[in-house]
>>> print(open('data19.cif').read())   # mmCIF, C-alpha atoms and all ligand atoms
data_my_file
#
loop_
_atom_site.group_PDB
_atom_site.id
_atom_site.type_symbol
_atom_site.label_atom_id
_atom_site.label_comp_id
_atom_site.auth_asym_id
_atom_site.auth_seq_id
_atom_site.Cartn_x
_atom_site.Cartn_y
_atom_site.Cartn_z
ATOM 1 C CA MET L 27 31.498 118.728 -48.728
ATOM 2 C CA SER L 28 35.256 119.052 -48.519
ATOM 3 C CA ARG L 29 37.792 118.153 -51.193
ATOM 4 C CA ASN L 30 41.301 116.908 -50.588
ATOM 5 C CA LEU L 31 43.312 120.155 -50.629
ATOM 6 C CA SER L 32 46.539 121.308 -48.959
ATOM 7 C CA PHE L 33 44.819 122.217 -45.644
ATOM 8 C CA ILE L 34 42.334 120.103 -43.706
ATOM 9 C CA HIS L 35 39.248 122.279 -44.038
ATOM 10 C CA ARG L 36 35.499 122.490 -44.118
ATOM 11 C CA PHE L 37 33.568 124.071 -46.974
ATOM 12 C CA GLU L 38 29.942 125.107 -46.637
ATOM 13 C CA PRO L 39 28.328 126.306 -49.859
ATOM 14 C CA GLY L 40 26.497 129.628 -49.845
ATOM 15 C CA SER L 41 22.847 130.164 -50.723
ATOM 16 C CA ASN L 42 23.444 133.330 -52.748
ATOM 17 C CA ALA L 43 26.195 133.434 -55.368
ATOM 18 C CA GLY L 44 26.267 137.249 -54.992
ATOM 19 C CA SER L 45 27.367 137.087 -51.343
ATOM 20 C CA PRO L 46 31.161 137.068 -50.991
ATOM 21 C CA PRO L 47 32.674 133.911 -49.496
ATOM 22 C CA LEU L 48 34.220 134.048 -46.026
ATOM 23 C CA LEU L 49 37.565 132.508 -45.103
ATOM 24 C CA LEU L 50 37.224 131.524 -41.433
ATOM 25 C CA LEU L 51 40.453 131.454 -39.418
ATOM 26 C CA HIS L 52 40.221 130.055 -35.906
ATOM 27 C CA GLY L 53 42.193 130.968 -32.769
ATOM 28 C CA THR L 54 44.810 128.866 -30.968
ATOM 29 C CA GLY L 55 43.403 125.452 -30.075
ATOM 30 C CA GLY L 56 40.520 125.749 -32.524
ATOM 31 C CA ASN L 57 39.758 123.812 -35.667
ATOM 32 C CA GLU L 58 37.830 124.021 -38.924
ATOM 33 C CA ASP L 59 34.473 123.619 -37.138
ATOM 34 C CA ASP L 60 34.938 126.402 -34.596
ATOM 35 C CA LEU L 61 33.978 129.507 -36.522
ATOM 36 C CA ILE L 62 31.251 128.024 -38.739
ATOM 37 C CA PRO L 63 28.461 129.292 -36.428
ATOM 38 C CA LEU L 64 30.092 132.755 -36.263
ATOM 39 C CA GLY L 65 30.501 132.771 -40.044
ATOM 40 C CA ARG L 66 26.810 131.942 -40.497
ATOM 41 C CA MET L 67 25.796 134.750 -38.119
ATOM 42 C CA VAL L 68 28.011 137.282 -39.891
ATOM 43 C CA ALA L 69 27.199 136.167 -43.449
ATOM 44 C CA PRO L 70 24.067 133.987 -43.568
ATOM 45 C CA ASN L 71 24.160 133.492 -47.355
ATOM 46 C CA SER L 72 27.885 133.234 -48.054
ATOM 47 C CA ALA L 73 30.021 130.209 -48.824
ATOM 48 C CA LEU L 74 32.277 129.427 -45.844
ATOM 49 C CA LEU L 75 35.804 128.102 -46.251
ATOM 50 C CA SER L 76 37.373 127.089 -42.967
ATOM 51 C CA PRO L 77 40.919 125.628 -42.855
ATOM 52 C CA ARG L 78 42.604 124.141 -39.799
ATOM 53 C CA GLY L 79 45.965 125.649 -38.818
ATOM 54 C CA LYS L 80 48.841 123.238 -39.507
ATOM 55 C CA VAL L 81 51.077 124.142 -36.577
ATOM 56 C CA LEU L 82 50.609 122.294 -33.287
ATOM 57 C CA GLU L 83 51.475 123.930 -29.956
ATOM 58 C CA GLY L 84 51.077 121.362 -27.203
ATOM 59 C CA GLY L 85 48.549 119.609 -29.441
ATOM 60 C CA MET L 86 46.632 122.831 -30.170
ATOM 61 C CA PRO L 87 46.283 123.845 -33.825
ATOM 62 C CA ARG L 88 47.544 127.313 -34.809
ATOM 63 C CA PHE L 89 48.351 129.053 -38.084
ATOM 64 C CA PHE L 90 52.022 129.777 -37.291
ATOM 65 C CA ARG L 91 54.667 129.121 -34.618
ATOM 66 C CA ARG L 92 55.286 131.480 -31.746
ATOM 67 C CA LEU L 93 58.226 131.676 -29.379
ATOM 68 C CA SER L 94 56.049 132.844 -26.478
ATOM 69 C CA GLU L 95 52.726 134.652 -26.095
ATOM 70 C CA GLY L 96 52.795 137.622 -28.462
ATOM 71 C CA VAL L 97 56.321 136.806 -29.741
ATOM 72 C CA PHE L 98 56.136 135.236 -33.163
ATOM 73 C CA ASP L 99 58.517 133.109 -35.220
ATOM 74 C CA GLU L 100 58.375 135.544 -38.113
ATOM 75 C CA GLU L 101 60.036 133.248 -40.628
ATOM 76 C CA ASP L 102 57.243 130.790 -39.936
ATOM 77 C CA VAL L 103 54.616 133.565 -40.139
ATOM 78 C CA ARG L 104 55.836 134.381 -43.652
ATOM 79 C CA ARG L 105 55.996 130.764 -44.775
ATOM 80 C CA ARG L 106 52.569 129.902 -43.374
ATOM 81 C CA ALA L 107 50.926 133.032 -44.754
ATOM 82 C CA LEU L 108 52.163 132.186 -48.267
ATOM 83 C CA GLU L 109 51.033 128.577 -47.821
ATOM 84 C CA LEU L 110 47.579 129.768 -46.764
ATOM 85 C CA ALA L 111 47.426 132.154 -49.731
ATOM 86 C CA ASP L 112 48.153 129.204 -52.043
ATOM 87 C CA PHE L 113 45.410 127.181 -50.356
ATOM 88 C CA ILE L 114 42.922 129.996 -51.002
ATOM 89 C CA GLY L 115 43.778 129.788 -54.704
ATOM 90 C CA GLU L 116 43.344 125.990 -54.694
ATOM 91 C CA ALA L 117 40.002 126.273 -52.910
ATOM 92 C CA ARG L 118 38.756 128.959 -55.307
ATOM 93 C CA ASP L 119 39.436 126.604 -58.218
ATOM 94 C CA ALA L 120 38.014 123.537 -56.449
ATOM 95 C CA TYR L 121 34.787 125.192 -55.275
ATOM 96 C CA GLY L 122 34.389 127.898 -57.928
ATOM 97 C CA ILE L 123 34.262 130.789 -55.458
ATOM 98 C CA ALA L 124 35.352 134.419 -55.628
ATOM 99 C CA ALA L 125 38.181 135.901 -53.545
ATOM 100 C CA PRO L 126 36.983 135.631 -49.935
ATOM 101 C CA PHE L 127 36.812 138.096 -47.097
ATOM 102 C CA ALA L 128 38.853 136.744 -44.180
ATOM 103 C CA LEU L 129 37.100 136.516 -40.815
ATOM 104 C CA GLY L 130 39.825 135.723 -38.305
ATOM 105 C CA TYR L 131 39.907 135.529 -34.542
ATOM 106 C CA SER L 132 43.088 135.958 -32.464
ATOM 107 C CA ASN L 133 45.783 133.761 -34.040
ATOM 108 C CA GLY L 134 43.490 133.473 -37.103
ATOM 109 C CA ALA L 135 43.231 137.270 -37.307
ATOM 110 C CA ASN L 136 47.019 137.520 -37.091
ATOM 111 C CA ILE L 137 47.604 135.137 -39.999
ATOM 112 C CA ALA L 138 44.928 137.007 -41.991
ATOM 113 C CA ALA L 139 46.845 140.242 -41.316
ATOM 114 C CA ALA L 140 50.044 138.559 -42.536
ATOM 115 C CA VAL L 141 48.301 137.361 -45.725
ATOM 116 C CA LEU L 142 47.079 140.930 -46.334
ATOM 117 C CA LEU L 143 50.637 142.213 -45.984
ATOM 118 C CA LEU L 144 52.279 139.508 -48.115
ATOM 119 C CA ARG L 145 49.663 138.391 -50.671
ATOM 120 C CA PRO L 146 46.865 140.995 -50.586
ATOM 121 C CA ASP L 147 45.537 139.860 -53.973
ATOM 122 C CA VAL L 148 44.030 136.672 -52.496
ATOM 123 C CA LEU L 149 41.616 138.445 -50.119
ATOM 124 C CA ALA L 150 38.700 140.773 -50.931
ATOM 125 C CA GLY L 151 39.038 142.287 -47.461
ATOM 126 C CA ALA L 152 39.236 141.243 -43.840
ATOM 127 C CA ILE L 153 37.431 141.250 -40.513
ATOM 128 C CA LEU L 154 40.118 140.988 -37.842
ATOM 129 C CA LEU L 155 38.900 140.151 -34.340
ATOM 130 C CA ARG L 156 41.530 140.736 -31.604
ATOM 131 C CA ALA L 157 44.433 141.080 -34.050
ATOM 132 C CA MET L 158 47.981 142.300 -33.534
ATOM 133 C CA VAL L 159 50.943 143.157 -35.783
ATOM 134 C CA PRO L 160 52.208 139.827 -37.166
ATOM 135 C CA LEU L 161 55.539 140.995 -38.650
ATOM 136 C CA SER L 162 57.962 143.486 -37.125
ATOM 137 C CA HIS L 163 59.424 144.493 -40.497
ATOM 138 C CA GLU L 164 56.226 145.013 -42.382
ATOM 139 C CA PRO L 165 56.307 144.627 -46.140
ATOM 140 C CA GLN L 166 54.929 147.644 -48.034
ATOM 141 C CA PRO L 167 52.007 146.194 -49.986
ATOM 142 C CA ASP L 168 49.566 148.216 -52.049
ATOM 143 C CA LEU L 169 46.241 147.766 -50.240
ATOM 144 C CA SER L 170 44.509 150.626 -52.075
ATOM 145 C CA GLY L 171 40.842 150.596 -51.173
ATOM 146 C CA LYS L 172 41.000 147.118 -49.541
ATOM 147 C CA PRO L 173 38.334 147.088 -46.813
ATOM 148 C CA VAL L 174 39.602 146.012 -43.390
ATOM 149 C CA VAL L 175 37.872 146.204 -40.028
ATOM 150 C CA ILE L 176 39.761 145.594 -36.782
ATOM 151 C CA LEU L 177 37.735 144.975 -33.617
ATOM 152 C CA SER L 178 39.833 145.163 -30.451
ATOM 153 C CA GLY L 179 39.025 144.848 -26.751
ATOM 154 C CA ASP L 180 40.084 147.552 -24.291
ATOM 155 C CA ARG L 181 40.449 144.860 -21.581
ATOM 156 C CA ASP L 182 42.299 142.377 -23.765
ATOM 157 C CA PRO L 183 45.136 140.936 -21.642
ATOM 158 C CA ILE L 184 46.846 139.403 -24.708
ATOM 159 C CA ILE L 185 46.864 142.313 -27.151
ATOM 160 C CA PRO L 186 48.077 145.731 -25.990
ATOM 161 C CA ALA L 187 45.895 148.548 -27.382
ATOM 162 C CA VAL L 188 48.977 150.235 -28.808
ATOM 163 C CA ASN L 189 49.789 147.129 -30.862
ATOM 164 C CA ALA L 190 46.295 146.933 -32.387
ATOM 165 C CA GLY L 191 46.535 150.662 -33.144
ATOM 166 C CA ARG L 192 49.851 150.088 -34.903
ATOM 167 C CA LEU L 193 48.269 147.380 -37.061
ATOM 168 C CA ALA L 194 45.512 149.799 -38.105
ATOM 169 C CA ALA L 195 48.160 152.414 -38.940
ATOM 170 C CA VAL L 196 50.166 149.924 -41.046
ATOM 171 C CA PHE L 197 47.096 149.079 -43.122
ATOM 172 C CA LYS L 198 46.087 152.739 -43.483
ATOM 173 C CA GLN L 199 49.548 153.638 -44.665
ATOM 174 C CA ALA L 200 49.282 150.908 -47.295
ATOM 175 C CA GLY L 201 46.065 152.530 -48.570
ATOM 176 C CA ALA L 202 43.472 150.155 -47.075
ATOM 177 C CA ALA L 203 40.027 151.436 -46.101
ATOM 178 C CA VAL L 204 40.451 150.688 -42.386
ATOM 179 C CA GLU L 205 37.912 150.867 -39.596
ATOM 180 C CA HIS L 206 39.305 150.231 -36.115
ATOM 181 C CA ARG L 207 36.880 149.935 -33.197
ATOM 182 C CA THR L 208 37.857 149.255 -29.599
ATOM 183 C CA LEU L 209 35.072 147.604 -27.604
ATOM 184 C CA PRO L 210 34.642 147.407 -23.809
ATOM 185 C CA VAL L 211 35.541 143.691 -23.772
ATOM 186 C CA GLY L 212 38.502 141.344 -23.282
ATOM 187 C CA HIS L 213 40.061 138.819 -25.674
ATOM 188 C CA GLU L 214 36.846 136.808 -25.920
ATOM 189 C CA LEU L 215 34.253 137.557 -28.583
ATOM 190 C CA SER L 216 31.008 139.339 -27.787
ATOM 191 C CA GLN L 217 27.627 139.802 -29.412
ATOM 192 C CA VAL L 218 28.750 143.316 -30.376
ATOM 193 C CA ASP L 219 31.562 141.805 -32.475
ATOM 194 C CA VAL L 220 28.988 139.762 -34.370
ATOM 195 C CA SER L 221 26.661 142.727 -34.991
ATOM 196 C CA LEU L 222 29.469 145.064 -36.052
ATOM 197 C CA ALA L 223 31.093 142.464 -38.300
ATOM 198 C CA ARG L 224 27.781 141.675 -39.973
ATOM 199 C CA ALA L 225 26.893 145.336 -40.546
ATOM 200 C CA TRP L 226 30.400 146.071 -41.858
ATOM 201 C CA LEU L 227 30.244 143.150 -44.305
ATOM 202 C CA GLU L 228 26.784 144.133 -45.563
ATOM 203 C CA LYS L 229 28.020 147.679 -46.193
ATOM 204 C CA ASN L 230 31.131 146.476 -48.034
ATOM 205 C CA GLU L 231 29.189 143.924 -50.084
ATOM 206 C CA ALA L 232 26.883 146.707 -51.212
ATOM 207 C CA LEU L 233 29.866 148.954 -52.054
ATOM 208 C CA ALA L 234 31.469 146.118 -54.052
ATOM 209 C CA ARG L 235 28.229 145.618 -56.016
ATOM 210 C CA THR L 236 27.868 149.306 -56.892
ATOM 211 C CA GLY L 237 31.572 149.493 -57.806
HETATM 212 C C1 LIG L 301 48.966 134.616 -31.389
HETATM 213 O O1 LIG L 301 49.757 133.816 -30.913
HETATM 214 O O2 LIG L 301 48.663 134.649 -32.596
HETATM 215 C C2 LIG L 301 48.350 135.597 -30.448
HETATM 216 O O3 LIG L 301 49.139 135.720 -29.310
HETATM 217 C C3 LIG L 301 46.971 135.239 -30.089
HETATM 218 C C4 LIG L 301 46.858 133.864 -29.512
HETATM 219 O O4 LIG L 301 46.751 132.920 -30.265
HETATM 220 O O5 LIG L 301 46.859 133.722 -28.279
#
>>> encode(input="data19.cif", output="structure tokens")
Amino acid sequence: MSRNLSFIHRFEPGSNAGSPPLLLLHGTGGNEDDLIPLGRMVAPNSALLSPRGKVLEGGMPRFFRRLSEGVFDEEDVRRRALELADFIGEARDAYGIAAPFALGYSNGANIAAAVLLLRPDVLAGAILLRAMVPLSHEPQPDLSGKPVVILSGDRDPIIPAVNAGRLAAVFKQAGAAVEHRTLPVGHELSQVDVSLARAWLEKNEALARTG
């Protein structure tokens, strides 16, 4: 079931209205189908909202333009992050869902980080898998209490550890409740990512319920 909204997307209803929806954001070359299995493993009962990035790089969908690997077109990052934030609002109205937690991988994690910096109101929190700093002049949002987990790889050839650490520091400074774990892996995802993301989400769901 997918309505005609501003992003091509897939929507999978949840089986428990109390479980927060997940916004799934794929990596470069992915699409709206890619992260559905991961989303189901991390949040078996949640609604899943999975847009396809609108930018094409050599035919591969992404969420924003880059000039080269790790060098972003920051004007486009800003524009696309705001566009994605608007889509989240549209989808909430269309499907009657609460503010989602983002679950983003690589380029999808980077656009989720940009949305948190520019329009934090649209996300309940975020699981960022292999993320880096998306904007060199970070805005100063108020992320008080916003739960964010960053899972990095200590053998990631694309994301320098220092960059992921800087992202965690930016969110902490903005008041977010940040967990940053560095795993003995590369850029690819591992079973440990799935287990940690699932446990983190369960803990934060429970915290949200008890206020
Ligand atoms: C990006 O472009 O967002 C990052 O370099 C990750 C990637 O997509 O390779």
>>> closest_residue(input="data19.cif", among="L:Leu222, L:Val81, L:Leu110, L:Met158", to="ligand LIG 301 (chain L)", atoms="all atoms listed in the file")
L:Met158
>>> resolve_selection(input="data19.cif", expression="the PyMOL selection byres (((chain L and resi 52) around 7) and not hetatm)", output="PyMOL selection string")
chain L and resi 50-51+53-54+56-57+60-61+130-131+133-134
>>> residues_near_ligand(input="data19.cif", ligand="ligand LIG 301 (chain L)", cutoff="8 Å", atoms="all atoms listed in the file", output="list in words")
Gly53, Thr54, Arg88, Phe89, Phe90, Arg91, Arg92, Ser94, Glu95, Gly96, Val97, Phe98, Ser132, Asn133, Gly134, Ala135, Asn136, Ile137, Arg156, Ala157, Met158, Pro160, Ile184 and Ile185 of chain L
>>> atom_distance(input="data19.cif", atom1="atom CA of L:Asp219", atom2="atom CA of L:Pro46")
19.1 Å
>>> axis_aligned_box(input="data19.cif", around="stretch 77-81 of chain L", padding_each_side="5 Å", output="lines of an AutoDock Vina configuration file")
center_x = 46.0
center_y = 124.4
center_z = -39.7
size_x = 20.2
size_y = 12.4
size_z = 16.3
>>> resolve_selection(input="data19.cif", expression="the PyMOL selection byres (((chain L and resi 200) around 9) and not hetatm)", output="PDB file with C-alpha atoms, in the coordinates of the input")
ATOM      1  CA  LEU L 143      50.637 142.213 -45.984  1.00  0.00           C
ATOM      2  CA  GLN L 166      54.929 147.644 -48.034  1.00  0.00           C
ATOM      3  CA  PRO L 167      52.007 146.194 -49.986  1.00  0.00           C
ATOM      4  CA  ASP L 168      49.566 148.216 -52.049  1.00  0.00           C
ATOM      5  CA  LEU L 169      46.241 147.766 -50.240  1.00  0.00           C
ATOM      6  CA  SER L 170      44.509 150.626 -52.075  1.00  0.00           C
ATOM      7  CA  ALA L 195      48.160 152.414 -38.940  1.00  0.00           C
ATOM      8  CA  VAL L 196      50.166 149.924 -41.046  1.00  0.00           C
ATOM      9  CA  PHE L 197      47.096 149.079 -43.122  1.00  0.00           C
ATOM     10  CA  LYS L 198      46.087 152.739 -43.483  1.00  0.00           C
ATOM     11  CA  GLN L 199      49.548 153.638 -44.665  1.00  0.00           C
ATOM     12  CA  GLY L 201      46.065 152.530 -48.570  1.00  0.00           C
ATOM     13  CA  ALA L 202      43.472 150.155 -47.075  1.00  0.00           C
TER      14      ALA L 202
END
>>> resolve_selection(input="data19.cif", expression="the PyMOL selection byres (((chain L and resi 123) around 12) and not hetatm)", output="mmCIF file with C-alpha atoms, in the frame of the given file")
data_model
loop_
_atom_site.group_PDB
_atom_site.id
_atom_site.type_symbol
_atom_site.label_atom_id
_atom_site.label_comp_id
_atom_site.auth_asym_id
_atom_site.auth_seq_id
_atom_site.Cartn_x
_atom_site.Cartn_y
_atom_site.Cartn_z
ATOM 1 C CA PHE L 37 33.568 124.071 -46.974
ATOM 2 C CA GLU L 38 29.942 125.107 -46.637
ATOM 3 C CA PRO L 39 28.328 126.306 -49.859
ATOM 4 C CA GLY L 40 26.497 129.628 -49.845
ATOM 5 C CA ASN L 42 23.444 133.330 -52.748
ATOM 6 C CA ALA L 43 26.195 133.434 -55.368
ATOM 7 C CA GLY L 44 26.267 137.249 -54.992
ATOM 8 C CA SER L 45 27.367 137.087 -51.343
ATOM 9 C CA PRO L 46 31.161 137.068 -50.991
ATOM 10 C CA PRO L 47 32.674 133.911 -49.496
ATOM 11 C CA LEU L 48 34.220 134.048 -46.026
ATOM 12 C CA LEU L 49 37.565 132.508 -45.103
ATOM 13 C CA SER L 72 27.885 133.234 -48.054
ATOM 14 C CA ALA L 73 30.021 130.209 -48.824
ATOM 15 C CA LEU L 74 32.277 129.427 -45.844
ATOM 16 C CA LEU L 75 35.804 128.102 -46.251
ATOM 17 C CA ILE L 114 42.922 129.996 -51.002
ATOM 18 C CA GLY L 115 43.778 129.788 -54.704
ATOM 19 C CA GLU L 116 43.344 125.990 -54.694
ATOM 20 C CA ALA L 117 40.002 126.273 -52.910
ATOM 21 C CA ARG L 118 38.756 128.959 -55.307
ATOM 22 C CA ASP L 119 39.436 126.604 -58.218
ATOM 23 C CA ALA L 120 38.014 123.537 -56.449
ATOM 24 C CA TYR L 121 34.787 125.192 -55.275
ATOM 25 C CA GLY L 122 34.389 127.898 -57.928
ATOM 26 C CA ALA L 124 35.352 134.419 -55.628
ATOM 27 C CA ALA L 125 38.181 135.901 -53.545
ATOM 28 C CA PRO L 126 36.983 135.631 -49.935
ATOM 29 C CA PHE L 127 36.812 138.096 -47.097
ATOM 30 C CA VAL L 148 44.030 136.672 -52.496
ATOM 31 C CA LEU L 149 41.616 138.445 -50.119
ATOM 32 C CA ALA L 150 38.700 140.773 -50.931
#
>>> closest_residue(input="data19.cif", among="L:Asp59, L:Ile153, L:Ser28, L:Pro173", to="L:Leu129", atoms="all atoms listed in the file")
L:Ile153
>>> atom_distance(input="data19.cif", atom1="atom CA of L:Pro165", atom2="atom CA of L:Ala223")
26.5 Å
>>> atom_distance(input="data19.cif", atom1="atom CA of L:Leu108", atom2="atom CA of L:Glu228")
28.2 Å
>>> closest_residue(input="data19.cif", among="L:Met86, L:Ala111, L:Val220, L:Ala225", to="L:Met67", atoms="only C-alpha atoms")
L:Val220
>>> closest_residue(input="data19.cif", among="L:Ser32, L:Ser221, L:Ser162, L:Ser41", to="L:Val103", atoms="only C-alpha atoms")
L:Ser162
